[in-house]
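To be precise, the following lines are start.cif, and they hold mmCIF, C-alpha atoms.
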data_coords
loop_
_atom_site.group_PDB
_atom_site.id
_atom_site.type_symbol
_atom_site.label_atom_id
_atom_site.label_comp_id
_atom_site.auth_asym_id
_atom_site.auth_seq_id
_atom_site.Cartn_x
_atom_site.Cartn_y
_atom_site.Cartn_z
ATOM 1 C CA LYS I 3 92.154 102.882 116.619
ATOM 2 C CA GLN I 4 95.185 104.074 118.620
ATOM 3 C CA TRP I 5 93.526 102.965 121.852
ATOM 4 C CA TYR I 6 93.069 99.479 120.410
ATOM 5 C CA GLN I 7 96.696 99.298 119.245
ATOM 6 C CA ARG I 8 97.932 100.354 122.704
ATOM 7 C CA ARG I 9 95.702 97.734 124.296
ATOM 8 C CA VAL I 10 96.994 94.987 121.985
ATOM 9 C CA ARG I 11 100.600 96.060 122.617
ATOM 10 C CA GLY I 12 99.957 96.088 126.385
ATOM 11 C CA THR I 13 98.418 92.621 126.223
ATOM 12 C CA ARG I 14 101.432 91.282 124.323
ATOM 13 C CA ILE I 15 103.818 92.785 126.875
ATOM 14 C CA ALA I 16 101.825 91.246 129.744
ATOM 15 C CA MET I 17 101.781 87.843 128.049
ATOM 16 C CA SER I 18 105.504 88.032 127.398
ATOM 17 C CA PHE I 19 106.109 88.859 131.064
ATOM 18 C CA MET I 20 103.910 85.961 132.214
ATOM 19 C CA SER I 21 105.691 83.604 129.832
ATOM 20 C CA ARG I 22 109.101 84.563 131.206
ATOM 21 C CA MET I 23 107.936 84.478 134.827
ATOM 22 C CA MET I 24 106.210 81.072 134.642
ATOM 23 C CA GLY I 25 108.751 79.459 132.335
ATOM 24 C CA GLN I 26 107.874 77.246 129.432
ATOM 25 C CA PRO I 27 106.014 73.953 129.762
ATOM 26 C CA ASP I 28 107.845 70.660 129.327
ATOM 27 C CA GLU I 29 108.158 69.465 125.741
ATOM 28 C CA GLU I 30 105.823 66.546 126.511
ATOM 29 C CA ASP I 31 103.190 68.947 127.871
ATOM 30 C CA ASN I 32 103.618 71.152 124.806
ATOM 31 C CA ASN I 33 103.041 68.204 122.475
ATOM 32 C CA MET I 34 99.831 67.235 124.297
ATOM 33 C CA CYS I 35 98.377 70.734 124.298
ATOM 34 C CA ASN I 36 97.948 72.807 121.165
ATOM 35 C CA LEU I 37 96.742 75.933 122.965
ATOM 36 C CA SER I 38 98.399 79.243 122.172
ATOM 37 C CA TRP I 39 99.967 81.206 125.026
ATOM 38 C CA GLU I 40 97.010 83.606 124.915
ATOM 39 C CA ASN I 41 94.505 80.744 125.249
ATOM 40 C CA ARG I 42 96.510 79.302 128.134
ATOM 41 C CA ILE I 43 96.274 82.625 129.969
ATOM 42 C CA TYR I 44 92.532 82.746 129.309
ATOM 43 C CA GLY I 45 92.167 79.195 130.625
ATOM 44 C CA CYS I 46 94.142 80.024 133.746
ATOM 45 C CA GLY I 47 92.120 83.197 134.293
ATOM 46 C CA ALA I 48 88.821 81.375 133.796
ATOM 47 C CA CYS I 49 89.776 78.695 136.333
ATOM 48 C CA PHE I 50 90.896 81.359 138.776
ATOM 49 C CA VAL I 51 87.598 83.288 138.448
ATOM 50 C CA ILE I 52 85.551 80.080 138.768
ATOM 51 C CA GLY I 53 87.619 79.117 141.817
ATOM 52 C CA ILE I 54 86.991 82.468 143.481
ATOM 53 C CA ALA I 55 83.262 82.209 142.689
ATOM 54 C CA LEU I 56 83.077 78.718 144.226
ATOM 55 C CA SER I 57 84.900 79.944 147.325
ATOM 56 C CA LEU I 58 82.518 82.897 147.625
ATOM 57 C CA PHE I 59 79.493 80.601 147.270
ATOM 58 C CA GLY I 60 81.042 78.449 149.987
ATOM 59 C CA THR I 61 81.373 81.506 152.214
ATOM 60 C CA ILE I 62 77.667 82.233 151.701
ATOM 61 C CA GLU I 63 76.945 78.677 152.853
ATOM 62 C CA LEU I 64 79.027 79.390 155.954
ATOM 63 C CA TRP I 65 76.691 82.220 156.957
ATOM 64 C CA LEU I 66 73.708 79.915 156.355
ATOM 65 C CA GLY I 67 75.204 77.355 158.739
ATOM 66 C CA GLN I 68 75.808 74.723 156.072
ATOM 67 C CA TRP I 69 79.267 73.616 157.178
ATOM 68 C CA ALA I 70 79.608 70.666 154.821
ATOM 69 C CA ALA I 71 78.640 72.769 151.776
ATOM 70 C CA PHE I 72 80.987 75.516 152.957
ATOM 71 C CA GLY I 73 83.983 73.195 153.278
ATOM 72 C CA PHE I 74 83.258 71.437 150.002
ATOM 73 C CA LEU I 75 82.698 74.588 147.902
ATOM 74 C CA TYR I 76 85.606 76.493 149.422
ATOM 75 C CA THR I 77 87.966 73.577 148.852
ATOM 76 C CA LEU I 78 86.649 72.984 145.329
ATOM 77 C CA GLY I 79 87.325 76.662 144.620
ATOM 78 C CA THR I 80 90.910 76.339 145.831
ATOM 79 C CA ILE I 81 91.481 73.195 143.746
ATOM 80 C CA THR I 82 89.960 74.835 140.650
ATOM 81 C CA ALA I 83 92.143 77.936 141.028
ATOM 82 C CA LEU I 84 95.202 75.741 141.534
ATOM 83 C CA ALA I 85 94.323 73.629 138.487
ATOM 84 C CA GLY I 86 94.246 76.802 136.399
ATOM 85 C CA THR I 87 97.992 77.171 136.773
ATOM 86 C CA MET I 88 98.392 73.936 134.853
ATOM 87 C CA PHE I 89 97.243 75.788 131.745
ATOM 88 C CA LEU I 90 100.368 77.936 131.963
ATOM 89 C CA ARG I 91 103.051 75.327 132.464
ATOM 90 C CA GLY I 92 101.330 72.062 131.600
ATOM 91 C CA PRO I 93 100.300 69.427 134.140
ATOM 92 C CA LYS I 94 103.546 67.449 134.315
ATOM 93 C CA SER I 95 105.732 70.522 134.551
ATOM 94 C CA GLN I 96 103.446 72.135 137.136
ATOM 95 C CA VAL I 97 103.449 69.091 139.405
ATOM 96 C CA LYS I 98 107.268 68.952 139.181
ATOM 97 C CA LYS I 99 107.442 72.647 140.049
ATOM 98 C CA MET I 100 105.043 72.205 142.986
ATOM 99 C CA PHE I 101 107.478 69.811 144.637
ATOM 100 C CA ASP I 102 110.610 71.900 144.095
ATOM 101 C CA ARG I 103 112.724 72.514 147.170
ATOM 102 C CA ASP I 104 111.443 76.094 147.401
ATOM 103 C CA ARG I 105 107.748 75.126 147.253
ATOM 104 C CA ILE I 106 107.575 71.757 148.996
ATOM 105 C CA CYS I 107 106.548 73.231 152.367
ATOM 106 C CA ALA I 108 103.791 75.364 150.846
ATOM 107 C CA THR I 109 102.577 72.496 148.643
ATOM 108 C CA VAL I 110 102.405 69.960 151.476
ATOM 109 C CA THR I 111 100.672 72.485 153.753
ATOM 110 C CA LEU I 112 98.159 73.307 151.023
ATOM 111 C CA ILE I 113 97.394 69.655 150.276
ATOM 112 C CA ALA I 114 97.128 68.810 153.999
ATOM 113 C CA SER I 115 94.785 71.748 154.619
ATOM 114 C CA ILE I 116 92.598 70.717 151.661
ATOM 115 C CA ILE I 117 92.322 67.175 153.045
ATOM 116 C CA ALA I 118 91.735 68.458 156.585
ATOM 117 C CA THR I 119 88.996 70.837 155.417
ATOM 118 C CA ILE I 120 87.163 68.059 153.598
ATOM 119 C CA LEU I 121 87.450 65.681 156.573
ATOM 120 C CA VAL I 122 86.424 68.227 159.183
ATOM 121 C CA ALA I 123 83.598 69.868 157.237
ATOM 122 C CA ILE I 124 82.000 66.901 155.485
ATOM 123 C CA ILE I 125 82.747 63.883 157.666
ATOM 124 C CA LEU I 126 83.091 65.314 161.181
ATOM 125 C CA LYS I 127 80.849 68.375 160.593
ATOM 126 C CA TRP I 128 82.787 70.565 163.025
ATOM 127 C CA GLY I 129 82.017 74.060 161.798
ATOM 128 C CA TRP I 130 84.539 76.209 163.614
ATOM 129 C CA LEU I 131 87.376 73.811 162.965
ATOM 130 C CA ALA I 132 86.378 73.739 159.282
ATOM 131 C CA MET I 133 86.646 77.515 159.230
ATOM 132 C CA ILE I 134 90.119 77.354 160.793
ATOM 133 C CA CYS I 135 91.137 74.766 158.172
ATOM 134 C CA CYS I 136 89.893 77.107 155.423
ATOM 135 C CA ILE I 137 91.913 79.983 156.870
ATOM 136 C CA ILE I 138 95.013 77.765 156.869
ATOM 137 C CA GLN I 139 94.111 76.679 153.316
ATOM 138 C CA PHE I 140 93.855 80.327 152.217
ATOM 139 C CA LEU I 141 97.201 81.242 153.792
ATOM 140 C CA ALA I 142 98.902 78.168 152.313
ATOM 141 C CA PHE I 143 97.488 78.959 148.859
ATOM 142 C CA ALA I 144 98.634 82.575 149.144
ATOM 143 C CA TRP I 145 102.134 81.466 150.241
ATOM 144 C CA TYR I 146 102.256 78.944 147.391
ATOM 145 C CA THR I 147 101.109 81.568 144.868
ATOM 146 C CA ILE I 148 103.665 84.199 145.868
ATOM 147 C CA SER I 149 106.415 81.617 145.487
ATOM 148 C CA TYR I 150 106.116 82.245 141.734
ATOM 149 C CA ILE I 151 106.744 85.984 142.089
ATOM 150 C CA PRO I 152 110.468 86.797 142.307
ATOM 151 C CA TYR I 153 111.494 88.120 145.751
ATOM 152 C CA ALA I 154 107.873 88.179 146.988
ATOM 153 C CA ARG I 155 108.504 85.678 149.776
ATOM 154 C CA ALA I 156 111.537 87.619 150.953
ATOM 155 C CA ALA I 157 109.448 90.806 151.043
ATOM 156 C CA VAL I 158 106.664 89.120 153.035
ATOM 157 C CA LYS I 159 109.156 87.576 155.467
ATOM 158 C CA SER I 160 110.842 90.937 155.949
ATOM 159 C CA CYS I 161 107.503 92.659 156.514
ATOM 160 C CA PHE I 162 106.495 89.964 159.028
ATOM 161 C CA SER I 163 109.795 90.262 160.911
ATOM 162 C CA ASN I 164 109.699 94.056 160.985
ATOM 163 C CA THR I 165 106.065 94.144 162.117
ATOM 164 C CA THR I 166 106.150 91.445 164.775
ATOM 165 C CA GLY I 167 109.802 91.454 165.790
ATOM 166 C CA MET I 168 109.841 87.660 165.309
ATOM 167 C CA GLU I 169 111.588 85.565 162.708
ATOM 168 C CA CYS I 170 109.232 84.155 160.060
ATOM 169 C CA PRO I 171 109.056 80.359 160.566
ATOM 170 C CA CYS I 172 108.601 79.612 156.853
#
Structure rendered as structure tokens:
Amino acid sequence: KQWYQRRVRGTRIAMSFMSRMMGQPDEEDNNMCNLSWENRIYGCGACFVIGIALSLFGTIELWLGQWAAFGFLYTLGTITALAGTMFLRGPKSQVKKMFDRDRICATVTLIASIIATILVAIILKWGWLAMICCIIQFLAFAWYTISYIPYARAAVKSCFSNTTGMECPC
């Protein structure tokens, strides 16, 4: 029984932290969605897991030489994982936040790499270039994701500068 109570208390603390870190959804988004904060976290987590699974299935297609399936599944996984964040803030609020001054570069790079991956893999069927687009897509998604963690970008930039001796261009 004590283990269960500690687990519940730990879950509440984690949800409280996530709520403060992500901010609250817009009032309009709140009125459209009757999900509790716990259900929103579950929805976000489910989308994230499904997105990772789709990306992994896409990677399997890469090794089978199916470039179009690789690009499509990998990109669908990225979009699904990104859509999961809309459970936390609400769609309108999330889209506003995506185009904040601090995230505009990461958002535009992510969207451009998603479009480029689809074009290169499905229409042009250039395998190696599709893989490069997916690498750029992964890096852009990672950079976008850490923009929500306080001071994470500064830490990554500092690590990059200290390791390479170059200034981070982002």
* Contact residues around I:Gly129 with only C-alpha atoms at 12 Å, ignoring same-chain residues under 2 positions, as a list in words -> Glu63, Leu64, Trp65, Leu66, Gly67, Gln68, Trp69, Ala70, Ala71, Phe72, Gly73, Thr119, Ile120, Leu121, Val122, Ala123, Ile124, Ile125, Leu126, Lys127, Leu131, Ala132, Met133, Ile134, Cys135 and Cys136 of chain I
Please, could you write that set of residues out with C-alpha atoms as an mmCIF file, keeping the file's coordinate frame?
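Output (part-v1.cif):
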data_model
loop_
_atom_site.group_PDB
_atom_site.id
_atom_site.type_symbol
_atom_site.label_atom_id
_atom_site.label_comp_id
_atom_site.auth_asym_id
_atom_site.auth_seq_id
_atom_site.Cartn_x
_atom_site.Cartn_y
_atom_site.Cartn_z
ATOM 1 C CA GLU I 63 76.945 78.677 152.853
ATOM 2 C CA LEU I 64 79.027 79.390 155.954
ATOM 3 C CA TRP I 65 76.691 82.220 156.957
ATOM 4 C CA LEU I 66 73.708 79.915 156.355
ATOM 5 C CA GLY I 67 75.204 77.355 158.739
ATOM 6 C CA GLN I 68 75.808 74.723 156.072
ATOM 7 C CA TRP I 69 79.267 73.616 157.178
ATOM 8 C CA ALA I 70 79.608 70.666 154.821
ATOM 9 C CA ALA I 71 78.640 72.769 151.776
ATOM 10 C CA PHE I 72 80.987 75.516 152.957
ATOM 11 C CA GLY I 73 83.983 73.195 153.278
ATOM 12 C CA THR I 119 88.996 70.837 155.417
ATOM 13 C CA ILE I 120 87.163 68.059 153.598
ATOM 14 C CA LEU I 121 87.450 65.681 156.573
ATOM 15 C CA VAL I 122 86.424 68.227 159.183
ATOM 16 C CA ALA I 123 83.598 69.868 157.237
ATOM 17 C CA ILE I 124 82.000 66.901 155.485
ATOM 18 C CA ILE I 125 82.747 63.883 157.666
ATOM 19 C CA LEU I 126 83.091 65.314 161.181
ATOM 20 C CA LYS I 127 80.849 68.375 160.593
ATOM 21 C CA LEU I 131 87.376 73.811 162.965
ATOM 22 C CA ALA I 132 86.378 73.739 159.282
ATOM 23 C CA MET I 133 86.646 77.515 159.230
ATOM 24 C CA ILE I 134 90.119 77.354 160.793
ATOM 25 C CA CYS I 135 91.137 74.766 158.172
ATOM 26 C CA CYS I 136 89.893 77.107 155.423
#
* To do: Rank I:Ala156, I:Cys49, I:Leu75, I:Met100 by their smallest atom-to-atom distance to I:Leu112, using all atoms listed in the file, and report the top residue only.
  =>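 Looking only at the distances to I:Leu112, the closest residue turns out to be I:Met100.
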* To do: To verify the selection step, state as a list in words which residues the PyMOL selection byres ((chain I and resi 82-91) around 7) yields on this input.
  => Met24, Gln26, Pro27, Arg42, Ile43, Gly45, Cys46, Cys49, Phe50, Gly53, Leu78, Gly79, Thr80, Ile81, Gly92, Pro93, Ser95 and Gln96 of chain I
First collect every listed atom of stretch 141-147 of chain I; then fit an axis-aligned box around them, widen it by 6 Å on each side, and give centre and edge lengths in Å to one decimal, as JSON.
{"center_x": 99.7, "center_y": 80.4, "center_z": 149.3, "size_x": 17.1, "size_y": 16.4, "size_z": 20.9}
* **Long-range neighbours of I:Arg105 as a VMD selection string, 10 Å cut-off, only C-alpha atoms, 3 positions minimum in chain** => chain I and resid 99 to 102 108 to 111 145 to 147 149 to 150
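Atom to atom, atom CA of I:Glu169 and atom CA of I:Arg155 stand 13.3 Å apart.
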* Minimum-distance residue to I:Cys107, chosen among I:Phe59, I:Phe143, I:Tyr153, I:Trp39 (using only C-alpha atoms) ->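 Smallest separation from I:Cys107 among the options: I:Phe143.
Atom pair atom CA of I:Thr61 / atom CA of I:Tyr76: separated by 7.1 Å.
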